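Below: work-v4.txt (compact mmCIF, C-alpha atoms)
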```
# COMPACT_ATOMS: atom_id res chain seq x y z
CA MET A 1 25.28 -19.55 -35.92
CA ASN A 2 24.01 -20.66 -39.35
CA LYS A 3 20.57 -19.83 -40.73
CA GLN A 4 19.18 -23.33 -40.20
CA THR A 5 20.24 -23.40 -36.52
CA LEU A 6 18.75 -19.93 -35.92
CA ILE A 7 15.40 -21.03 -37.39
CA LEU A 8 15.44 -24.10 -35.14
CA VAL A 9 16.07 -21.99 -31.99
CA LEU A 10 13.31 -19.55 -32.89
CA ASN A 11 10.89 -22.41 -33.43
CA LEU A 12 11.81 -23.89 -30.04
CA LEU A 13 11.23 -20.71 -28.00
CA PRO A 14 7.46 -21.21 -27.51
CA PHE A 15 8.15 -24.84 -26.59
CA ILE A 16 10.77 -23.78 -24.03
CA ALA A 17 8.33 -21.30 -22.47
CA LEU A 18 5.65 -23.99 -22.27
CA CYS A 19 8.12 -26.35 -20.60
CA GLN A 20 8.70 -23.98 -17.70
CA LYS A 21 7.52 -25.57 -14.43
CA MET A 22 3.75 -25.19 -14.07
CA ILE A 23 2.42 -24.78 -10.52
CA ALA A 24 -1.16 -25.93 -10.09
CA PRO A 25 -3.37 -27.63 -7.48
CA GLY A 26 -1.77 -30.98 -6.70
CA SER A 27 1.70 -29.81 -7.74
CA PRO A 28 4.43 -31.35 -5.52
CA ASP A 29 5.79 -27.82 -5.03
CA ILE A 30 2.68 -26.79 -3.06
CA ASN A 31 3.14 -27.65 0.64
CA THR A 32 -0.02 -26.54 2.44
CA SER A 33 1.43 -27.45 5.86
CA TYR A 34 2.89 -23.93 5.88
CA LEU A 35 -0.64 -22.46 5.90
CA LYS A 36 -1.34 -22.42 9.64
CA PRO A 37 -4.76 -21.54 11.09
CA GLN A 38 -4.22 -17.90 11.97
CA LYS A 39 -5.25 -14.32 11.35
CA SER A 40 -2.84 -11.83 9.80
CA LEU A 41 -3.19 -8.06 9.53
CA TYR A 42 -1.55 -5.95 6.81
CA THR A 43 -1.41 -2.18 6.47
CA VAL A 44 -1.81 -1.05 2.86
CA TYR A 45 0.19 1.93 1.55
CA TYR A 46 0.54 3.66 -1.79
CA VAL A 47 4.20 4.46 -2.21
CA LYS A 48 5.95 6.74 -4.68
CA ASP A 49 9.58 7.68 -4.23
CA THR A 50 9.85 8.27 -0.46
CA SER A 51 6.18 9.17 0.10
CA TRP A 52 4.07 6.55 1.92
CA THR A 53 0.30 7.14 2.05
CA LYS A 54 -1.84 4.81 4.13
CA LYS A 55 -4.85 3.57 2.17
CA GLY A 56 -6.35 0.99 4.48
CA THR A 57 -5.88 -2.44 6.05
CA MET A 58 -6.46 -6.01 4.97
CA THR A 59 -6.82 -9.18 7.00
CA TYR A 60 -6.03 -12.76 6.01
CA ASP A 61 -7.87 -15.34 8.14
CA ILE A 62 -7.12 -19.05 7.58
CA SER A 63 -9.09 -21.90 9.15
CA TYR A 64 -9.75 -25.58 8.41
CA GLU A 65 -12.90 -27.70 8.44
CA ASN A 66 -13.70 -31.13 6.93
CA ASN A 67 -10.40 -31.29 5.00
CA GLN A 68 -11.12 -27.90 3.50
CA LEU A 69 -9.10 -24.71 3.80
CA ILE A 70 -11.31 -21.66 4.40
CA PHE A 71 -9.74 -18.31 3.67
CA HIS A 72 -11.42 -15.02 4.62
CA TYR A 73 -10.08 -11.79 3.18
CA LYS A 74 -11.24 -8.33 4.19
CA TYR A 75 -10.01 -4.97 2.96
CA THR A 76 -11.11 -1.83 4.83
CA ASP A 77 -10.28 1.67 3.64
CA LYS A 78 -8.56 4.03 6.05
CA SER A 79 -11.77 5.97 6.80
CA ASN A 80 -13.69 2.73 7.59
CA GLU A 81 -16.39 3.85 5.16
CA TRP A 82 -16.27 0.82 2.88
CA SER A 83 -14.82 -2.66 2.68
CA ASN A 84 -14.32 -5.59 0.32
CA ILE A 85 -14.90 -9.10 1.64
CA ARG A 86 -13.91 -12.37 -0.06
CA THR A 87 -14.14 -15.99 1.08
CA SER A 88 -12.45 -18.86 -0.73
CA VAL A 89 -12.82 -22.58 0.06
CA ALA A 90 -10.25 -25.02 -1.32
CA ASP A 91 -9.02 -28.55 -0.81
CA ALA A 92 -6.75 -28.41 2.25
CA LYS A 93 -4.11 -30.64 0.65
CA ASN A 94 -3.73 -29.26 -2.86
CA LEU A 95 -5.56 -25.89 -3.00
CA ARG A 96 -8.03 -27.06 -5.65
CA SER A 97 -10.82 -24.45 -5.66
CA ILE A 98 -14.21 -25.49 -4.27
CA SER A 99 -16.13 -22.23 -3.89
CA TYR A 100 -15.76 -18.47 -3.79
CA GLN A 101 -17.88 -15.60 -2.43
CA SER A 102 -17.31 -11.86 -2.73
CA GLU A 103 -19.03 -8.68 -1.69
CA SER A 104 -17.89 -5.13 -2.42
CA SER A 105 -19.50 -1.72 -2.76
CA GLY A 106 -20.46 -2.54 -6.37
CA SER A 107 -21.35 -6.23 -6.47
CA LYS A 108 -22.03 -9.46 -4.68
CA PHE A 109 -21.45 -12.88 -6.21
CA ASN A 110 -20.65 -16.51 -5.56
CA LEU A 111 -19.08 -19.36 -7.53
CA ASP A 112 -19.01 -23.15 -7.19
CA PHE A 113 -16.13 -24.77 -9.04
CA GLY A 114 -16.30 -27.92 -11.13
CA GLU A 115 -16.17 -28.86 -14.80
CA THR A 116 -18.71 -26.07 -15.11
CA ILE A 117 -18.34 -23.09 -12.82
CA ARG A 118 -21.78 -22.12 -11.59
CA GLY A 119 -22.85 -19.11 -9.57
CA ASN A 120 -24.72 -15.87 -9.34
CA TYR A 121 -23.57 -12.28 -9.91
CA TYR A 122 -25.58 -9.40 -8.41
CA SER A 123 -24.90 -5.80 -9.43
CA LYS A 124 -25.70 -3.30 -6.71
CA LYS A 125 -25.78 -0.57 -9.35
CA THR A 126 -28.39 -2.15 -11.64
CA LYS A 127 -29.95 -4.28 -8.86
CA LYS A 128 -30.03 -7.24 -11.26
CA ASP A 129 -28.96 -10.86 -10.86
CA LYS A 130 -26.97 -12.74 -13.46
CA ILE A 131 -26.82 -16.55 -13.47
CA LEU A 132 -23.29 -17.78 -14.21
CA ASN A 133 -22.44 -20.95 -16.10
CA LEU A 134 -18.78 -20.84 -17.08
CA LYS A 135 -16.65 -23.48 -18.72
CA SER A 136 -13.74 -24.30 -16.45
CA PRO A 137 -10.52 -22.90 -17.96
CA GLY A 138 -8.48 -25.85 -16.74
CA SER A 139 -6.06 -25.99 -13.84
CA PHE A 140 -5.70 -22.74 -11.87
CA ILE A 141 -5.17 -21.06 -8.50
CA ASP A 142 -7.99 -18.91 -7.13
CA PHE A 143 -6.58 -15.34 -7.22
CA ASN A 144 -7.80 -14.86 -3.65
CA LEU A 145 -5.42 -17.64 -2.54
CA ALA A 146 -2.43 -16.61 -4.69
CA ASP A 147 -0.56 -14.69 -1.97
CA ASN A 148 -0.83 -17.64 0.42
CA MET A 149 0.06 -20.12 -2.32
CA MET A 150 3.36 -18.27 -2.81
CA THR A 151 4.28 -19.04 0.82
CA THR A 152 3.87 -22.79 0.26
CA LEU A 153 6.53 -23.05 -2.46
CA PRO A 154 10.09 -24.41 -1.97
CA LEU A 155 11.66 -21.07 -2.77
CA THR A 156 15.39 -20.91 -3.31
CA VAL A 157 17.82 -18.86 -5.36
CA GLY A 158 17.01 -19.32 -9.03
CA TYR A 159 13.59 -20.92 -8.42
CA LYS A 160 11.20 -20.35 -11.34
CA GLY A 161 7.70 -21.40 -12.23
CA THR A 162 4.39 -20.32 -13.73
CA PHE A 163 0.89 -20.53 -12.31
CA SER A 164 -2.50 -19.58 -13.71
CA GLN A 165 -4.77 -17.35 -11.61
CA PHE A 166 -8.55 -17.45 -11.91
CA TYR A 167 -10.36 -14.11 -11.59
CA TYR A 168 -13.95 -13.36 -12.58
CA ASP A 169 -14.72 -9.90 -13.96
CA ASP A 170 -18.25 -9.25 -15.19
CA ASN A 171 -16.84 -6.92 -17.85
CA SER A 172 -14.40 -9.45 -19.33
CA ASP A 173 -14.55 -12.89 -20.91
CA THR A 174 -11.03 -13.71 -19.74
CA LEU A 175 -11.04 -15.95 -16.67
CA THR A 176 -7.36 -16.72 -16.14
CA SER A 177 -3.99 -15.05 -16.47
CA ASN A 178 -0.50 -16.49 -16.21
CA TYR A 179 1.87 -15.33 -13.49
CA ILE A 180 5.56 -16.05 -13.96
CA ILE A 181 8.00 -16.29 -11.05
CA LYS A 182 10.91 -14.46 -12.66
CA GLU A 183 13.45 -14.27 -9.84
CA VAL A 184 14.00 -15.46 -6.28
CA LYS A 185 16.87 -14.11 -4.17
CA SER A 186 17.85 -13.71 -0.54
CA TYR A 187 16.70 -10.57 1.21
CA ALA A 188 17.11 -9.05 4.69
CA TYR A 189 13.73 -7.82 5.92
CA ARG A 190 13.56 -5.59 8.99
CA SER A 191 10.45 -5.65 11.12
CA PRO A 192 9.90 -2.59 13.34
CA LYS A 193 8.78 -4.99 16.11
CA THR A 194 11.05 -8.00 15.87
CA GLY A 195 14.09 -6.77 13.98
CA ASN A 196 15.90 -8.49 11.10
CA HIS A 197 14.62 -11.64 9.35
CA ASP A 198 16.19 -13.81 6.65
CA THR A 199 13.71 -13.89 3.77
CA TRP A 200 13.22 -14.67 0.11
CA LEU A 201 12.32 -11.90 -2.29
CA ALA A 202 10.25 -13.44 -5.09
CA SER A 203 9.42 -11.29 -8.13
CA VAL A 204 6.38 -12.29 -10.18
CA LEU A 205 5.29 -10.97 -13.59
CA GLU A 206 1.62 -10.89 -14.60
CA GLU A 207 1.95 -11.90 -18.23
CA SER A 208 -1.15 -10.17 -19.62
CA THR A 209 -0.65 -6.73 -18.04
CA GLY A 210 3.06 -6.53 -17.28
CA ALA A 211 2.35 -5.81 -13.61
CA ILE A 212 5.10 -6.77 -11.16
CA TYR A 213 4.49 -8.37 -7.76
CA ASN A 214 7.19 -8.72 -5.12
CA TYR A 215 6.74 -11.13 -2.21
CA VAL A 216 8.92 -11.02 0.90
CA ILE A 217 8.61 -14.49 2.49
CA ASP A 218 10.36 -15.75 5.63
CA LYS A 219 12.91 -18.51 5.01
CA GLN A 220 12.04 -20.28 8.27
CA ASP A 221 8.29 -20.20 8.86
CA HIS A 222 7.20 -19.02 5.36
CA ARG A 223 5.38 -16.00 6.78
CA LEU A 224 4.44 -13.37 4.20
CA TRP A 225 6.11 -10.24 5.53
CA GLN A 226 5.35 -7.88 2.66
CA ARG A 227 3.66 -7.81 -0.73
CA GLU A 228 4.32 -5.15 -3.36
CA MET A 229 2.31 -4.53 -6.53
CA SER A 230 3.23 -2.09 -9.31
CA LEU A 231 0.48 0.40 -10.15
CA GLY A 232 2.23 2.30 -12.95
CA ASN A 233 3.82 5.77 -13.12
CA GLY A 234 6.25 4.86 -10.35
CA MET A 235 3.48 4.09 -7.85
CA TRP A 236 3.45 0.88 -5.79
CA GLU A 237 0.92 -0.68 -3.46
CA ILE A 238 2.84 -2.10 -0.49
CA CYS A 239 1.19 -4.27 2.17
CA THR A 240 3.17 -4.82 5.39
CA ASN A 241 2.55 -7.49 8.03
CA GLU A 242 1.63 -6.02 11.43
CA GLU A 243 2.51 -9.22 13.35
CA LEU A 244 -0.68 -9.83 15.31
CA ASP A 245 1.09 -12.73 17.01
CA TYR A 246 3.91 -10.52 18.29
CA GLN A 247 4.23 -11.14 22.02
CA PRO A 248 7.75 -11.15 23.48
CA ILE A 249 6.38 -11.64 27.01
CA LYS A 250 6.58 -15.36 27.81
CA SER A 251 4.66 -15.19 31.10
CA GLN A 252 0.88 -15.31 30.80
CA PHE A 253 -1.42 -12.78 32.46
CA ASN A 254 -4.07 -14.51 34.60
CA LYS A 255 -7.14 -12.29 34.44
CA GLU A 256 -9.34 -14.40 36.74
CA GLN A 257 -6.69 -14.61 39.45
CA ALA A 258 -6.03 -10.85 39.34
CA VAL A 259 -9.74 -9.99 39.62
CA GLN A 260 -10.16 -12.40 42.54
CA GLN A 261 -7.15 -10.94 44.35
CA ILE A 262 -8.53 -7.38 44.40
CA THR A 263 -12.19 -8.20 45.16
CA THR A 264 -12.55 -11.22 47.46
CA GLY A 265 -10.24 -10.52 50.41
CA SER A 266 -10.64 -8.70 53.72
CA SER A 267 -7.32 -6.86 53.84
CA VAL A 268 -6.91 -3.09 53.58
CA ILE A 269 -4.14 -0.80 52.40
CA THR A 270 -4.23 2.82 53.53
CA GLY A 271 -1.63 5.41 52.78
CA THR A 272 -0.40 8.91 52.13
CA ALA A 273 0.87 10.12 48.76
CA TYR A 274 3.35 12.97 48.78
CA ALA A 275 6.52 14.31 47.20
CA LYS A 276 9.73 16.08 48.19
CA ASP A 277 9.93 15.25 51.87
CA ASN A 278 13.52 16.43 51.64
CA THR A 279 14.03 19.87 53.19
CA GLY A 280 17.49 21.13 52.45
CA LYS A 281 17.89 19.24 49.17
CA LYS A 282 20.37 21.00 46.92
CA LEU A 283 18.97 22.26 43.62
CA GLY A 284 21.80 23.47 41.43
CA GLY A 285 23.59 24.95 44.40
CA LEU A 286 20.40 26.48 45.80
CA VAL A 287 18.49 25.21 48.79
CA ASN A 288 15.04 23.62 48.47
CA THR A 289 13.05 24.77 51.49
CA ALA A 290 9.74 23.05 50.63
CA LYS A 291 8.39 20.41 52.98
CA LYS A 292 5.92 17.65 52.11
CA GLN A 293 3.98 18.24 48.91
CA PHE A 294 0.82 16.17 49.29
CA ALA A 295 -0.97 14.72 46.28
CA PRO A 296 -3.92 17.03 45.61
CA LYS A 297 -7.40 15.94 46.60
CA GLY A 298 -8.91 13.86 43.78
CA THR A 299 -5.55 12.47 42.59
CA GLU A 300 -6.06 8.97 41.20
CA ILE A 301 -4.13 6.15 42.88
CA THR A 302 -3.73 2.85 40.98
CA LEU A 303 -3.30 -0.61 42.52
CA PHE A 304 -2.91 -4.03 40.91
CA PRO A 305 -1.46 -7.42 41.93
CA ASN A 306 2.19 -7.87 41.11
CA SER A 307 2.93 -10.93 38.95
CA ALA A 308 5.60 -12.68 36.91
CA TYR A 309 3.85 -11.26 33.84
CA TYR A 310 4.16 -7.64 35.02
CA GLU A 311 7.77 -8.07 36.14
CA GLU A 312 8.71 -9.52 32.75
CA TRP A 313 6.74 -6.83 30.89
CA THR A 314 8.62 -4.15 32.84
CA ALA A 315 12.04 -5.72 32.18
CA VAL A 316 11.38 -6.24 28.44
CA ASN A 317 10.19 -2.66 27.91
CA LYS A 318 13.11 -1.27 29.89
CA LYS A 319 15.47 -3.08 27.53
CA ILE A 320 13.54 -1.98 24.43
CA LYS A 321 13.50 1.64 25.59
CA LYS A 322 17.24 1.58 26.23
CA GLN A 323 17.99 0.19 22.76
CA GLY A 324 15.54 2.62 21.11
CA LYS A 325 15.07 0.43 18.00
CA ILE A 326 11.55 -1.02 18.24
CA PRO A 327 8.25 0.08 19.88
CA GLU A 328 7.54 -0.87 23.47
CA VAL A 329 5.25 -3.84 24.12
CA PRO A 330 1.68 -2.95 25.18
CA LEU A 331 0.11 -4.58 28.24
CA ASP A 332 -2.15 -7.58 27.77
CA SER A 333 -5.60 -6.39 26.65
CA ASN A 334 -7.15 -7.97 29.78
CA PHE A 335 -4.74 -6.30 32.22
CA GLY A 336 -7.20 -3.51 33.05
CA ALA A 337 -9.63 -5.99 34.61
CA GLY A 338 -7.14 -6.54 37.47
CA ILE A 339 -6.63 -2.85 38.26
CA LYS A 340 -8.23 -1.09 41.21
CA LYS A 341 -8.54 2.70 41.47
CA ALA A 342 -8.90 5.04 44.44
CA LYS A 343 -8.75 8.81 44.86
CA VAL A 344 -7.03 11.01 47.41
CA TYR A 345 -9.95 12.09 49.61
CA ASP A 346 -8.47 15.03 51.55
CA ASP A 347 -5.78 17.73 51.40
CA GLU A 348 -3.15 15.55 53.06
CA GLY A 349 -2.76 12.89 50.36
CA HIS A 350 -4.73 10.11 52.05
CA PHE A 351 -6.14 7.13 50.12
CA GLU A 352 -7.36 3.61 50.88
CA PHE A 353 -8.04 0.23 49.23
CA ALA A 354 -10.21 -2.59 50.63
CA ASP A 355 -11.26 -6.18 49.79
CA LEU A 356 -7.69 -7.35 49.08
CA LEU A 357 -6.31 -10.90 49.41
CA PRO A 358 -2.78 -11.57 50.72
CA GLY A 359 -0.09 -10.96 48.12
CA THR A 360 2.20 -8.30 46.69
CA TYR A 361 0.66 -5.24 45.06
CA VAL A 362 1.99 -2.43 42.90
CA ILE A 363 0.70 1.03 43.82
CA MET A 364 1.17 3.98 41.49
CA ALA A 365 0.45 7.70 41.53
CA SER A 366 1.32 10.69 39.36
CA PHE A 367 0.56 14.30 40.20
CA ASP A 368 1.75 17.87 39.73
CA PHE A 369 2.74 20.11 42.62
CA THR A 370 4.34 23.47 43.35
CA ASN A 371 7.79 23.50 44.90
CA SER A 372 10.04 26.35 45.98
CA TYR A 373 13.57 27.26 46.95
CA ASN A 374 15.42 30.25 48.45
CA TYR A 375 18.21 31.95 46.61
CA SER A 376 20.41 35.02 47.08
CA TYR A 377 21.39 37.64 44.54
CA VAL A 378 23.68 40.66 44.32
CA THR A 379 21.93 44.01 44.79
CA GLY A 380 25.00 46.21 44.47
CA TYR A 381 28.37 47.19 45.95
CA THR A 382 29.51 49.58 48.72
CA ASN A 383 32.85 51.27 47.97
CA TYR A 384 35.15 52.75 50.65
CA TYR A 385 37.61 55.66 50.36
CA ASN A 386 40.02 57.57 52.65
CA TYR A 387 42.27 60.55 52.22
CA TRP A 388 44.53 58.73 49.81
CA GLY A 389 41.74 57.23 47.68
CA TYR A 390 39.85 53.92 47.17
CA THR A 391 40.41 51.33 49.91
CA GLY A 392 37.98 48.51 48.95
CA SER A 393 34.33 47.49 48.69
CA ASN A 394 31.65 45.11 50.03
CA THR A 395 29.16 43.12 47.94
CA ASN A 396 25.54 43.62 48.99
CA TYR A 397 23.18 40.58 48.83
CA ALA A 398 19.45 40.05 49.17
CA SER A 399 17.44 36.81 49.31
CA ALA A 400 14.25 35.72 47.55
CA ARG A 401 11.97 32.69 47.22
CA GLN A 402 11.33 31.07 43.83
CA HIS A 403 8.37 28.80 43.04
CA TYR A 404 8.30 26.21 40.24
CA ARG A 405 6.06 23.41 38.98
CA ASP A 406 7.20 19.83 39.44
CA GLN A 407 5.84 16.34 38.88
CA ALA A 408 5.83 13.22 41.01
CA HIS A 409 5.74 9.73 39.51
CA ILE A 410 5.60 7.07 42.21
CA GLU A 411 5.60 3.28 42.05
CA LYS A 412 5.78 1.18 45.22
CA ARG A 413 5.37 -2.52 46.01
CA VAL A 414 3.42 -3.45 49.13
CA THR A 415 2.99 -6.98 50.52
CA ILE A 416 0.03 -8.21 52.57
CA ASP A 417 1.00 -11.32 54.54
CA LYS A 418 -2.37 -12.54 55.85
CA ASN A 419 -6.04 -12.00 55.16
CA GLY A 420 -7.61 -9.27 57.29
CA GLU A 421 -4.34 -7.38 57.67
CA LYS A 422 -4.41 -3.57 57.54
CA LYS A 423 -1.31 -2.08 56.00
CA GLU A 424 -0.36 1.61 56.10
CA VAL A 425 2.13 2.92 53.56
CA ASN A 426 3.85 6.14 52.58
CA LEU A 427 3.67 6.63 48.84
CA LYS A 428 6.61 8.99 48.58
CA ASP A 429 8.50 10.43 45.61
CA ASN A 430 12.11 10.89 46.66
```
Could you quickly redo this structure as structure tokens?
Amino acid sequence: MNKQTLILVLNLLPFIALCQKMIAPGSPDINTSYLKPQKSLYTVYYVKDTSWTKKGTMTYDISYENNQLIFHYKYTDKSNEWSNIRTSVADAKNLRSISYQSESSGSKFNLDFGETIRGNYYSKKTKKDKILNLKSPGSFIDFNLADNMMTTLPLTVGYKGTFSQFYYDDNSDTLTSNYIIKEVKSYAYRSPKTGNHDTWLASVLEESTGAIYNYVIDKQDHRLWQREMSLGNGMWEICTNEELDYQPIKSQFNKEQAVQQITTGSSVITGTAYAKDNTGKKLGGLVNTAKKQFAPKGTEITLFPNSAYYEEWTAVNKKIKKQGKIPEVPLDSNFGAGIKKAKVYDDEGHFEFADLLPGTYVIMASFDFTNSYNYSYVTGYTNYYNYWGYTGSNTNYASARQHYRDQAHIEKRVTIDKNGEKKEVNLKDN
């Protein structure tokens, strides 16, 4: 390369940088249809090497009103002692900023965006207000919306672009900073709840500070699975999506129907709860001699209507437990409203439920009890001799009774066919 050509290339470098795709409100790359009305929860960790320290949680809450996107952000530290709340309002189609409000432990302020950005800044430390009149720095993305803006882009391998973020700091005159999308590549993200997902890993450089941001964004629904931010000295802040919408149970739990079924009928279920009605059961070659072990007085018995929801919940969790890869699915938060409780009222395991409508019910009980078995053991030997010497021996045995603690876990389905019926059941652990 000759000297003249080298000078030309060097002179063109700033121009080439400026020609990189700029992403701003109204850019055809921004597709706000991916920003669904929803609430997302993220757990925030500080990570260094293999050490993960939980620092708090943050929520992203998106809603729409009058062609405006309303975004609520809340960060809460792990001790729940303080929080940071931010609300941004933007044009629902292009993300042009309309207003911003923020409150933290140190300040409270609001901004209205236009050719002049007007607002008020209140310092909780000095207890003084400051009227804000700021010249608009041009086209920008509200920093509070930047994470969500990343999910609207047509990411693909090799995608690049630059966007300007607006951020007000009372201690700085700088209002915007450029963020450069340096690299986008395919990435396999594994959720502890829903397994593997095909995603994009987008790496972004904050030009003014050199900070790196990594975004893990789903290729299908553009969900933000994880956001990483470099903090320096090998430390990263990593925010992981907790999937508030995770619900593998397709059947819906009907709270009103369940409550009605256990409170408005005239049928009765009575029963006896007991364990080990199995005299003679072999226990490791020894004989169990215990008879019925009744549930102790005061043992809690649980009853609730059986349903398609509960059957599916049981089947799904059985499969999850067998695979051992993801956590089991919790019951619907309203499930407890359809549960009825009773207690064993005597020493023979008796319980009763009233006010039931016809239908199938699940009855459960768990209790500890003492069981026992007989066993024999060698106490010695008797040897026999005659004139010529040893002729043989007999083994001497004795017997004893051994007690041990055991547990009963019982689940039984009982069907009432008509209103007013009285059903008697044995709640037995085999």
**Prompt:** Which residues, written as a PyMOL selection string, have at least one atom at most 9 Å from Ala308 in chain A, with all atoms listed in the file counted and residues fewer than 4 positions away on the same chain left out?
**Reply:** chain A and resi 251-253+312-313
**Item:** Lys48 in chain A environment, 8 Å, all atoms listed in the file, sequence neighbours closer than 3 positions dropped, as a PyMOL selection string
**Value:** chain A and resi 51-52+234-236
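If you look at CA of Asp417 in chain A and CA of Asn254 in chain A, they are 20.8 Å away from each other.
For the point (-11.3, -8.5, 41.5), the residues with at least one atom inside 12 Å, counting all atoms listed in the file, are Asn254, Lys255, Glu256, Gln257, Ala258, Val259, Gln260, Gln261, Ile262, Thr263, Thr264, Gly265, Leu303, Phe304, Pro305, Phe335, Gly336, Ala337, Gly338, Ile339, Lys340, Lys341, Ala354, Asp355, Leu356 and Leu357 of chain A.
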**Asked** Got a sec to check which residues sit within 12 Å of (-18.7, -9.2, -1.8), counting all atoms listed in the file, and write them as a ChimeraX atom specification?
**Response** /A:72-75,82-88,100-111,120-124
Go ahead and save the residues from that selection, with C-alpha atoms, as a PDB file, in the coordinates of the input.
```pdb
ATOM      1  CA  HIS A  72     -11.420 -15.020   4.620  1.00  0.00           C
ATOM      2  CA  TYR A  73     -10.080 -11.790   3.180  1.00  0.00           C
ATOM      3  CA  LYS A  74     -11.240  -8.330   4.190  1.00  0.00           C
ATOM      4  CA  TYR A  75     -10.010  -4.970   2.960  1.00  0.00           C
ATOM      5  CA  TRP A  82     -16.270   0.820   2.880  1.00  0.00           C
ATOM      6  CA  SER A  83     -14.820  -2.660   2.680  1.00  0.00           C
ATOM      7  CA  ASN A  84     -14.320  -5.590   0.320  1.00  0.00           C
ATOM      8  CA  ILE A  85     -14.900  -9.100   1.640  1.00  0.00           C
ATOM      9  CA  ARG A  86     -13.910 -12.370  -0.060  1.00  0.00           C
ATOM     10  CA  THR A  87     -14.140 -15.990   1.080  1.00  0.00           C
ATOM     11  CA  SER A  88     -12.450 -18.860  -0.730  1.00  0.00           C
ATOM     12  CA  TYR A 100     -15.760 -18.470  -3.790  1.00  0.00           C
ATOM     13  CA  GLN A 101     -17.880 -15.600  -2.430  1.00  0.00           C
ATOM     14  CA  SER A 102     -17.310 -11.860  -2.730  1.00  0.00           C
ATOM     15  CA  GLU A 103     -19.030  -8.680  -1.690  1.00  0.00           C
ATOM     16  CA  SER A 104     -17.890  -5.130  -2.420  1.00  0.00           C
ATOM     17  CA  SER A 105     -19.500  -1.720  -2.760  1.00  0.00           C
ATOM     18  CA  GLY A 106     -20.460  -2.540  -6.370  1.00  0.00           C
ATOM     19  CA  SER A 107     -21.350  -6.230  -6.470  1.00  0.00           C
ATOM     20  CA  LYS A 108     -22.030  -9.460  -4.680  1.00  0.00           C
ATOM     21  CA  PHE A 109     -21.450 -12.880  -6.210  1.00  0.00           C
ATOM     22  CA  ASN A 110     -20.650 -16.510  -5.560  1.00  0.00           C
ATOM     23  CA  LEU A 111     -19.080 -19.360  -7.530  1.00  0.00           C
ATOM     24  CA  ASN A 120     -24.720 -15.870  -9.340  1.00  0.00           C
ATOM     25  CA  TYR A 121     -23.570 -12.280  -9.910  1.00  0.00           C
ATOM     26  CA  TYR A 122     -25.580  -9.400  -8.410  1.00  0.00           C
ATOM     27  CA  SER A 123     -24.900  -5.800  -9.430  1.00  0.00           C
ATOM     28  CA  LYS A 124     -25.700  -3.300  -6.710  1.00  0.00           C
TER      29      LYS A 124
END
```
Range 229-281 of chain A residues near range 36-45 of chain A within 6 Å, closest pair each, using all atoms listed in the file, as CSV:
```
residue,atom,partner,partner_atom,distance
A:Glu237,CA,A:Tyr45,CA,5.7
A:Ile238,CA,A:Tyr45,CA,5.2
A:Cys239,CA,A:Val44,CA,4.5
A:Thr240,CA,A:Tyr42,CA,5.1
A:Asn241,CA,A:Tyr42,CA,4.5
A:Glu242,CA,A:Leu41,CA,5.6
```
**Fill in**
With distances taken over all atoms listed in the file, the candidate from A:Asn214, A:Gln247, A:Thr59, A:Ser33 nearest Asp332 in chain A is A:Gln247
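Among the candidates A:Gly359, A:Pro248, A:Gly324, A:Pro25, the one nearest to Glu421 in chain A when counting all atoms listed in the file is A:Gly359.
The two atoms in question, CA of Ile217 in chain A and CA of Thr199 in chain A, are spaced 5.3 Å apart.
CA of Gly210 in chain A is found 28.3 Å from CA of Arg190 in chain A.
You can rank A:Ser63, A:Asn233, A:Asn317, A:Thr415 by their closest distance to Ile249 in chain A using all atoms listed in the file, and at the top of that list sits A:Asn317.
Ranking A:Ala365, A:Met150, A:Leu427, A:Leu331 by their shortest atom-to-atom distance to Ala273 in chain A, with all atoms listed in the file included, puts A:Leu427 first.
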Residues near Met149 in chain A, cut-off 10 Å, all atoms listed in the file, skip fewer than 4 positions along chain, as a compact mmCIF listing (two decimals) with C-alpha atoms, in the frame of the given file:
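Below is the file selection_20.txt, written as the result:
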```
# COMPACT_ATOMS: atom_id res chain seq x y z
CA ILE A 23 2.42 -24.78 -10.52
CA ALA A 24 -1.16 -25.93 -10.09
CA PRO A 25 -3.37 -27.63 -7.48
CA ASP A 29 5.79 -27.82 -5.03
CA ILE A 30 2.68 -26.79 -3.06
CA ASN A 31 3.14 -27.65 0.64
CA THR A 32 -0.02 -26.54 2.44
CA TYR A 34 2.89 -23.93 5.88
CA LEU A 35 -0.64 -22.46 5.90
CA ASN A 94 -3.73 -29.26 -2.86
CA LEU A 95 -5.56 -25.89 -3.00
CA ILE A 141 -5.17 -21.06 -8.50
CA ASP A 142 -7.99 -18.91 -7.13
CA PHE A 143 -6.58 -15.34 -7.22
CA ASN A 144 -7.80 -14.86 -3.65
CA LEU A 145 -5.42 -17.64 -2.54
CA LEU A 153 6.53 -23.05 -2.46
```
**Request:** Please provide the set of residues having any atom within 7 Å of Asp91 in chain A, restricted to all atoms listed in the file, with same-chain residues fewer than 6 positions apart removed, written as a ChimeraX atom specification.
**Result:** /A:67-69,97-98
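Remark: for Val216 in chain A, the closest of the candidate residues A:Lys135, A:Thr151, A:Asp173, A:Val268 is A:Thr151 (distances computed over only C-alpha atoms).
Proximity to Glu352 in chain A was assessed for A:Ser267, A:Gln323, A:Asn148, A:Thr116 counting all atoms listed in the file; the smallest distance is recorded for A:Ser267.
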